[in-house]
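In what follows, a single structure is set out as structure tokens and then discussed.
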There are 2 protein chains.
Amino acid sequence: MPRIRFLPQGITVEVPPGNTLLQAAARAGIVLKGACGGEGVCGRCRVQVQEGKVTFPPNPRLSPRERQEGWVLACQAVPEGEVVVFIPEGSILTAHRVLKAEEGLLLQTKEPLWWEEKLSLSPPTLEDPTDDWGRLSWALQQKGISLVWPVRHLLPELPRTLRAADWQVKVELAFLDKGLCELQGVKPAGREEGAWGVAVDLGTTTVAAELVDLATGQVVATAGTYNRQAAFGDDVISRIVYATETPRGREELQQAILETVNGLIDELCREAGVGSDEVRAVVGAGNTTMIHLLLNLDPTYIRLEPYVPAANAPPPVKAAKLGLKAHPEAWVYLVPGVASYVGGDVVAGVKVTGMGEEEELTLFLDIGTNGEMVLGNREWLMACACSAGPAFEGSGITCGMRAVAGAIEEVEVSPGGGEVFYRTVDGKKPLGICGSGLISLLSSLLRAGVIDRSGRFVEGLNTPRLREGVEGKEFVLVWGESTGHGRDIYITQGDLQNLLRAKAAIFAGLRTLLSLVGLEAAALERVYIAGGFGRFIDVEDAIGIGMLPDLPRERYAYVGNTSLKGARLCLLSRRAWQETAELARRITYVELSVGNLFMEEFMAALFLPHTNADLFPSVKGA
Amino acid sequence: MPRIRFLPQGITVEVPPGNTLLQAAARAGIVLKGACGGEGVCGRCRVQVQEGKVTFPPNPRLSPRERQEGWVLACQAVPEGEVVVFIPEGSILTAHRVLKAEEGLLLQTKEPLWWEEKLSLSPPTLEDPTDDWGRLSWALQQKGISLVWPVRHLLPELPRTLRAADWQVKVELAFLDKGLCELQGVKPAGREEGAWGVAVDLGTTTVAAELVDLATGQVVATAGTYNRQAAFGDDVISRIVYATETPRGREELQQAILETVNGLIDELCREAGVGSDEVRAVVGAGNTTMIHLLLNLDPTYIRLEPYVPAANAPPPVKAAKLGLKAHPEAWVYLVPGVASYVGGDVVAGVKVTGMGEEEELTLFLDIGTNGEMVLGNREWLMACACSAGPAFEGSGITCGMRAVAGAIEEVEVSPGGGEVFYRTVDGKKPLGICGSGLISLLSSLLRAGVIDRSGRFVEGLNTPRLREGVEGKEFVLVWGESTGHGRDIYITQGDLQNLLRAKAAIFAGLRTLLSLVGLEAAALERVYIAGGFGRFIDVEDAIGIGMLPDLPRERYAYVGNTSLKGARLCLLSRRAWQETAELARRITYVELSVGNLFMEEFMAALFLPHTNADLFPSVKGA
Ligand code: FES
Ligand SMILES: [Mg+2]
Ligand SMILES: [Mg+2]
């Protein structure tokens, strides 16, 4: 069997004869780029054979010199015997970087927000006739749990419960605040029952949730869906307008998000074979508006200067009172936010990256419906929000979609626009384009000369893909005959302008923040990119369109949906929950609408990659 | 106008000509004894004229020598001009001693369990866009109030509330635990509304309550009634049996006490013209069984060895959830108890006396349905309970009643039992005998030779008052023609045995406690007598029957219903509430049923005053 060693990873795998290097890499856990899906036409899966023999057909994407140096396209190269293959950085899809806090996630499952404590009580005697509740409280105090409130139905039957269990019990506790717990149940120590928690990322456009085994910390099911509030407006502002100007608008919006989350909880529980009343705690992270609408807090002043939320850190509420499906006593915890436009989703993300405890100057960038970012390190942290719109979440784009199966997540357009290669999530027939696909598309259209640096379709291109649509020019990526739904997948001039504004807002926000502390982008030692816009983001493409600063690529890490991860981290760790609340208080909010700085930066960024090409020295033709 | 100076009080009063010294003393605020109501026949209102002139008719109660020394009966003596009168200790009804904590009651109204804080918030700006809830929390934190939970309906409308009040607000706070408060309301600072609290003494036989103005600390109304649970049994044991052995017995008993308290709250509110929803906090003090039955806690193990309550210190509960009439958010606080038979009523009393902070060896004695006592000082405190039965609360005695208008509270029987002099509460026509009247009666019957030292009616007495009743001999105090209801008021042989057992239980309990610490009664430097059995207790009579030890009389003080006073103290002072909880933990409970000591003492005390006459040197004929 052929045996391939991949460098610089140092991983060796064996594959069946006839497998390609692309397949071998996949077996090694290395995901190579490949927009054409292994057709040998997009040319993105280049690797260099350093030792051994591979069969590789001629291919116009490689020059004779490159071939001589051992370069091949992994999707076409079949190894024989022992082979050593070098994979350049540029051929790897930026993988999730395993974050410090993420590593710790499994270690911190010993102290979830809801947990059980085993107590071995000594039975009362005439010498020690302490009351039952006092005996229990004392035993808890010995474990450092001092201020405990029992749920209403517990004390009345405590005497029989304790005696039936022969004083060997398991108590159920919910953390409420520093030194304040709720005692939710007392059971015989022997009885084994499962307990689950739900972590939710409450996004404006999409909502994602995980079902977590509170005893082991394992994620047993995940689910995601569109936020049903989308029917009332694409972005937070239109939702607030609806909530505040429509009779019963707040109630309608609350109902919509409750139904959304309840749908996910149903789905998670069904998948895991768990009853929703076995969900003992829910942690939600979302932007400030989402939290207001979930709790039905008046959001009026979020959108009126000086942009003041009702509450950044609302106390936990009972799921039953709120209307969420869970155990009758379960609490819903909301990760605290910083300001009206920097919410708990961002704070959760910052917590997950660990940047608040590190020395390096770090940028955390959450690209959801809004572009929010946090800059700083363990000494200081500042944040801002720029309205990027929902484009990167696949919304507000004609053929946009979430990064689920069938979403185009990577695109390569041939020069002149005649051919389009793409890769979809899970390799399914294409249904639309997700966030990462849009960035890839924008970058590729520019390189292929289909659009100019102002984002407009170039005149006089000779390809049937560029056609006149109802609202102006549009470019067809996939013809209906090849799509999952039989309709063409295309991008319009309006879509392009939306994308341009979205990327410009993000870059302008970063420039503003940096200039407030007198730093240049080059000072950034680490950039974490979070957001639910795709499984992977191609940093090269994002720099290519001027959305991200032109830094050495290894400083970038894509960290996935850190809002969800942070919610899970809090769910599984009382310490993390408290540290996250503390983190929210530490972050200083910068309001971009004050002064002209942001608007000037925004205007300058409405160009591919930027009006000032010096900012992007590594981008060809910038 | 005659002018009288009373000694040793040093009080001078002027009275209209013709007034008696009894009337003059009353004007001076000195309540003299006088069972005959000023007829000059009971001879208890003796005073000594030291200077000046009084007219005083001849009276067989005074010897010629006494008359020569200036002794007169105050009810018959009319002063002329300037007079100086000495009042011996024995002629004064033991007045309420003003207790340390009681003096402090008015000073501590600044920190009730429910209160309002005025907050002057600075309006948000772009420079300080703190969220509304954060702004409010911070302002509270500045006042030392750090862990605050809002009631559910508060956060949603907080933004409008704060802006409508122009950021000058009054917040309503309920204390829950050390460093934990509930925020119940936010209102414009200007609006003036009253807030009341209710203090309740939850007695087995009687329930008493006060309506207190939380802003001023003033008691605005008081009310008392029988506990409706009495229908299910006289004492705590029979109630527990009913609760645990009757289907739905616990619910029935809970309902009965809730109706009792609600009736009192209605009465208080009607009297004061206050709505029951303006009652913002309720503090209850009662014995451990009463608290269990109020909260519907399983009381089974209170009466089974080793006598363990479900909870000595149950956390506060919402009045609305419990079923008490009050503001929807009001909390009900129960003063913590020590053990199954030493409850929060006793702890409240100990707190009110201040004995836990003093150096002197003190005895606190609460004579209600049970006789509970606490012995000790600031170094140590120990407690016990002896089943005295409900006799001193007027229950279990044929013609017994509570100390309300028409209750005989003082009795003097002439030698041989021919005549009976009495005084009723408020001077109304007699309806029955209350606890203090019963003690006075027992003592007087013994002195008059109507009963012997074993408490039995003497044979061969020639008075129609001693007659044969349905259940043996009985002695008529008041004939039906003079009573308020037209029926005779009398005492039976069975009643006398009940009283004897009750007094014996109390004395035996004290002896047991003292012997455990190796002390004699003489070591007691102070004795506080609490209980709702009458307005005044005559210490002389109580010593005369051997209920109280033969100590110098000035060491005694009757302190009234300290359970109710303690409940009020807690209601008006968060500090007192916390100190009282701490006090409950400090008191060591002694179980009298362990060993034979108590039973031996009890048997020895079933004699008037006692089998061992040496214990009562000052009692004549003992
Ligand atoms: S003798 Fe004066 S009141 Fe009875
Ligand atoms: Mg998000
Ligand atoms: Mg009492």
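How things are named: the first chain in the structure tokens is A, the next is B, and so on; residues count from 1 in each chain; ligands count from 1 in the order shown.
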
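A distance search around ligand 1 (8 Å at most, only C-alpha atoms and all ligand atoms) returns the following protein and nucleic acid residues: B:Leu22, B:Lys33, B:Gly34, B:Ala35, B:Cys36, B:Gly37, B:Gly38, B:Glu39, B:Gly40, B:Val41, B:Cys42, B:Gly43, B:Arg44, B:Cys45, B:Arg46, B:Leu73, B:Ala74, B:Cys75, B:Gln76, B:Phe421.
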
Deliver the residues from the most recent selection as a file, using C-alpha atoms, as a compact mmCIF listing (two decimals), in the first residue's frame.
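Wrote selection_32.txt, looks like this:
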# COMPACT_ATOMS: atom_id res chain seq x y z
CA LEU B 22 -55.62 55.35 93.76
CA LYS B 33 -53.03 46.47 92.82
CA GLY B 34 -56.72 46.36 93.64
CA ALA B 35 -58.68 43.19 93.07
CA CYS B 36 -61.84 44.65 94.61
CA GLY B 37 -61.89 47.49 92.20
CA GLY B 38 -61.71 50.19 94.86
CA GLU B 39 -64.23 48.75 97.33
CA GLY B 40 -61.72 48.86 100.17
CA VAL B 41 -62.14 45.15 100.80
CA CYS B 42 -59.26 43.33 99.08
CA GLY B 43 -56.67 45.32 100.99
CA ARG B 44 -54.08 45.13 98.20
CA CYS B 45 -53.71 48.83 97.46
CA ARG B 46 -51.80 49.71 100.64
CA LEU B 73 -55.83 51.76 101.38
CA ALA B 74 -55.26 54.03 98.42
CA CYS B 75 -58.73 53.40 97.03
CA GLN B 76 -60.33 54.84 100.17
CA PHE B 421 -62.79 40.23 94.74

Contacts from chain B to chain A, 7 Å maximum, only C-alpha atoms: show me the residue list as JSON, numbers by chain. {"B": [124, 125, 126, 129, 130, 131, 132, 133, 134, 155, 156, 157, 158, 159, 296, 297, 298, 306, 307, 308, 309, 310, 311, 312]}

For atom CA of Val47 of chain B and atom CA of Asp541 of chain B, determine how far apart the two atoms are, in Å to one decimal place. 19.1 Å

Select from chain A every residue with an atom at most 6 Å from any atom of ligand 2, then for each give the shortest pair of atoms and their distance in Å to one decimal, using only C-alpha atoms and all ligand atoms, rows by chain and rising number, as CSV.
residue,atom,partner,partner_atom_place_in_ligand_line,distance
A:Gly203,CA,ligand 2,1 (Mg),4.6
A:Gly368,CA,ligand 2,1 (Mg),4.7
A:Gly531,CA,ligand 2,1 (Mg),5.7

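Proximity ranking of B:Ser618, B:Asn287, B:Ser395, B:Asn596 relative to ligand 3 places B:Asn287 first, based on only C-alpha atoms and all ligand atoms.
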
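Residues in contact range of segment 561-569 of chain A, defined as at most 6 Å between only C-alpha atoms, with sequence neighbours fewer than 3 positions away removed, read A:Ala199, A:Val200, A:Asp201, A:Val283, A:Gly284, A:Ala285, A:Asp345, A:Ala348, A:Gly349, A:Val352, A:Ala530, A:Gly531, A:Gly532, A:Leu572.
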
Could you find all residues in segment 292-459 of chain B that DSSP calls strand (DSSP E or B) from the backbone, and write them as a PyMOL selection string? chain B and resi 317-318+331-334+339+342+362-367+371-376+381-386+400+407-413+420-424+432-433+451+457

Can you write out the residues you just picked, keeping C-alpha atoms, as a PDB file, in the first residue's frame?
ATOM      1  CA  VAL B 317     -41.169  32.757  51.289  1.00  0.00           C
ATOM      2  CA  LYS B 318     -43.367  34.986  49.160  1.00  0.00           C
ATOM      3  CA  TRP B 331     -41.785  38.224  51.688  1.00  0.00           C
ATOM      4  CA  VAL B 332     -42.688  36.360  54.846  1.00  0.00           C
ATOM      5  CA  TYR B 333     -39.737  35.972  57.216  1.00  0.00           C
ATOM      6  CA  LEU B 334     -39.838  33.416  60.001  1.00  0.00           C
ATOM      7  CA  ALA B 339     -34.975  22.934  68.146  1.00  0.00           C
ATOM      8  CA  VAL B 342     -37.638  25.855  71.364  1.00  0.00           C
ATOM      9  CA  THR B 362     -30.380  35.661  83.167  1.00  0.00           C
ATOM     10  CA  LEU B 363     -33.425  33.454  82.840  1.00  0.00           C
ATOM     11  CA  PHE B 364     -35.899  34.037  80.060  1.00  0.00           C
ATOM     12  CA  LEU B 365     -39.215  32.334  80.599  1.00  0.00           C
ATOM     13  CA  ASP B 366     -41.918  32.216  77.957  1.00  0.00           C
ATOM     14  CA  ILE B 367     -45.140  30.914  79.363  1.00  0.00           C
ATOM     15  CA  GLY B 371     -43.193  26.627  78.982  1.00  0.00           C
ATOM     16  CA  GLU B 372     -39.898  27.401  77.286  1.00  0.00           C
ATOM     17  CA  MET B 373     -36.915  28.891  78.976  1.00  0.00           C
ATOM     18  CA  VAL B 374     -33.463  30.094  78.111  1.00  0.00           C
ATOM     19  CA  LEU B 375     -30.719  30.403  80.688  1.00  0.00           C
ATOM     20  CA  GLY B 376     -27.401  32.121  80.262  1.00  0.00           C
ATOM     21  CA  LEU B 381     -27.060  30.157  76.399  1.00  0.00           C
ATOM     22  CA  MET B 382     -29.024  26.975  76.968  1.00  0.00           C
ATOM     23  CA  ALA B 383     -32.686  26.271  76.499  1.00  0.00           C
ATOM     24  CA  CYS B 384     -35.322  23.723  77.325  1.00  0.00           C
ATOM     25  CA  ALA B 385     -39.033  23.242  76.928  1.00  0.00           C
ATOM     26  CA  CYS B 386     -41.511  21.773  79.371  1.00  0.00           C
ATOM     27  CA  GLY B 400     -60.420  30.231  80.874  1.00  0.00           C
ATOM     28  CA  ALA B 407     -61.031  38.680  81.507  1.00  0.00           C
ATOM     29  CA  ILE B 408     -60.467  38.389  85.255  1.00  0.00           C
ATOM     30  CA  GLU B 409     -56.793  39.177  85.677  1.00  0.00           C
ATOM     31  CA  GLU B 410     -56.493  39.477  89.415  1.00  0.00           C
ATOM     32  CA  VAL B 411     -58.389  37.681  92.207  1.00  0.00           C
ATOM     33  CA  GLU B 412     -58.533  37.907  95.994  1.00  0.00           C
ATOM     34  CA  VAL B 413     -60.552  35.299  97.883  1.00  0.00           C
ATOM     35  CA  VAL B 420     -64.228  36.916  95.943  1.00  0.00           C
ATOM     36  CA  PHE B 421     -62.794  40.227  94.741  1.00  0.00           C
ATOM     37  CA  TYR B 422     -61.518  40.571  91.227  1.00  0.00           C
ATOM     38  CA  ARG B 423     -60.369  43.004  88.591  1.00  0.00           C
ATOM     39  CA  THR B 424     -61.031  42.557  84.895  1.00  0.00           C
ATOM     40  CA  GLY B 432     -63.792  34.360  82.182  1.00  0.00           C
ATOM     41  CA  ILE B 433     -60.330  34.100  83.690  1.00  0.00           C
ATOM     42  CA  ILE B 451     -57.594  24.542  98.704  1.00  0.00           C
ATOM     43  CA  PHE B 457     -60.610  21.718  97.712  1.00  0.00           C
TER      44      PHE B 457
END

Hey, what does DSSP flag as alpha helix (DSSP H) within segment 377-544 of chain B? Can you give it to me as a PyMOL selection string? chain B and resi 435-447+493-516+539-544

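Near Arg447 of chain A, within a cut-off of 10 Å and counting only C-alpha atoms, sit the residues Glu412, Val413, Ser414, Pro415, Gly416, Gly417, Leu441, Leu442, Ser443, Ser444, Val450, Ile451, Asp452, Arg453, Gly544, Ile545, Lys620 and Gly621 of chain A, with same-chain residues fewer than 3 positions away left out.
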
Find the residues near Gly418 of chain B: any atom within 10 Å, counting only C-alpha atoms, skip ones fewer than 4 places away on the same chain, and give them as a ChimeraX atom specification. /B:413-414,448,450,461-466,477

Spatial neighbours of Leu548 of chain A, max dist 7 Å, only C-alpha atoms, sep filter under 3 positions, as an mmCIF file with N, CA, C and O atoms, in the first residue's frame:
data_model
loop_
_atom_site.group_PDB
_atom_site.id
_atom_site.type_symbol
_atom_site.label_atom_id
_atom_site.label_comp_id
_atom_site.auth_asym_id
_atom_site.auth_seq_id
_atom_site.Cartn_x
_atom_site.Cartn_y
_atom_site.Cartn_z
ATOM 1 N N PHE A 507 -13.223 46.690 7.809
ATOM 2 C CA PHE A 507 -11.867 47.225 7.747
ATOM 3 C C PHE A 507 -11.804 48.625 8.364
ATOM 4 O O PHE A 507 -10.855 48.963 9.083
ATOM 5 N N ALA A 542 -9.811 37.017 1.893
ATOM 6 C CA ALA A 542 -10.318 38.119 2.717
ATOM 7 C C ALA A 542 -9.358 39.307 2.668
ATOM 8 O O ALA A 542 -9.785 40.461 2.636
ATOM 9 N N ILE A 543 -8.059 39.018 2.633
ATOM 10 C CA ILE A 543 -7.078 40.105 2.479
ATOM 11 C C ILE A 543 -7.159 40.647 1.061
ATOM 12 O O ILE A 543 -7.102 41.865 0.843
#

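For segment 480-486 of chain A, the set of protein, DNA and RNA residues having any atom at most 8 Å away, when counting only C-alpha atoms and skipping those fewer than 6 positions along the same chain, is A:Gly406, A:Lys428, A:Lys429, A:Pro430, A:Leu431.
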
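Distance check against Gly435 of chain A using only C-alpha atoms: of A:Gln493, A:Thr225, A:Ser454, A:Thr369, the minimum falls on A:Thr369.
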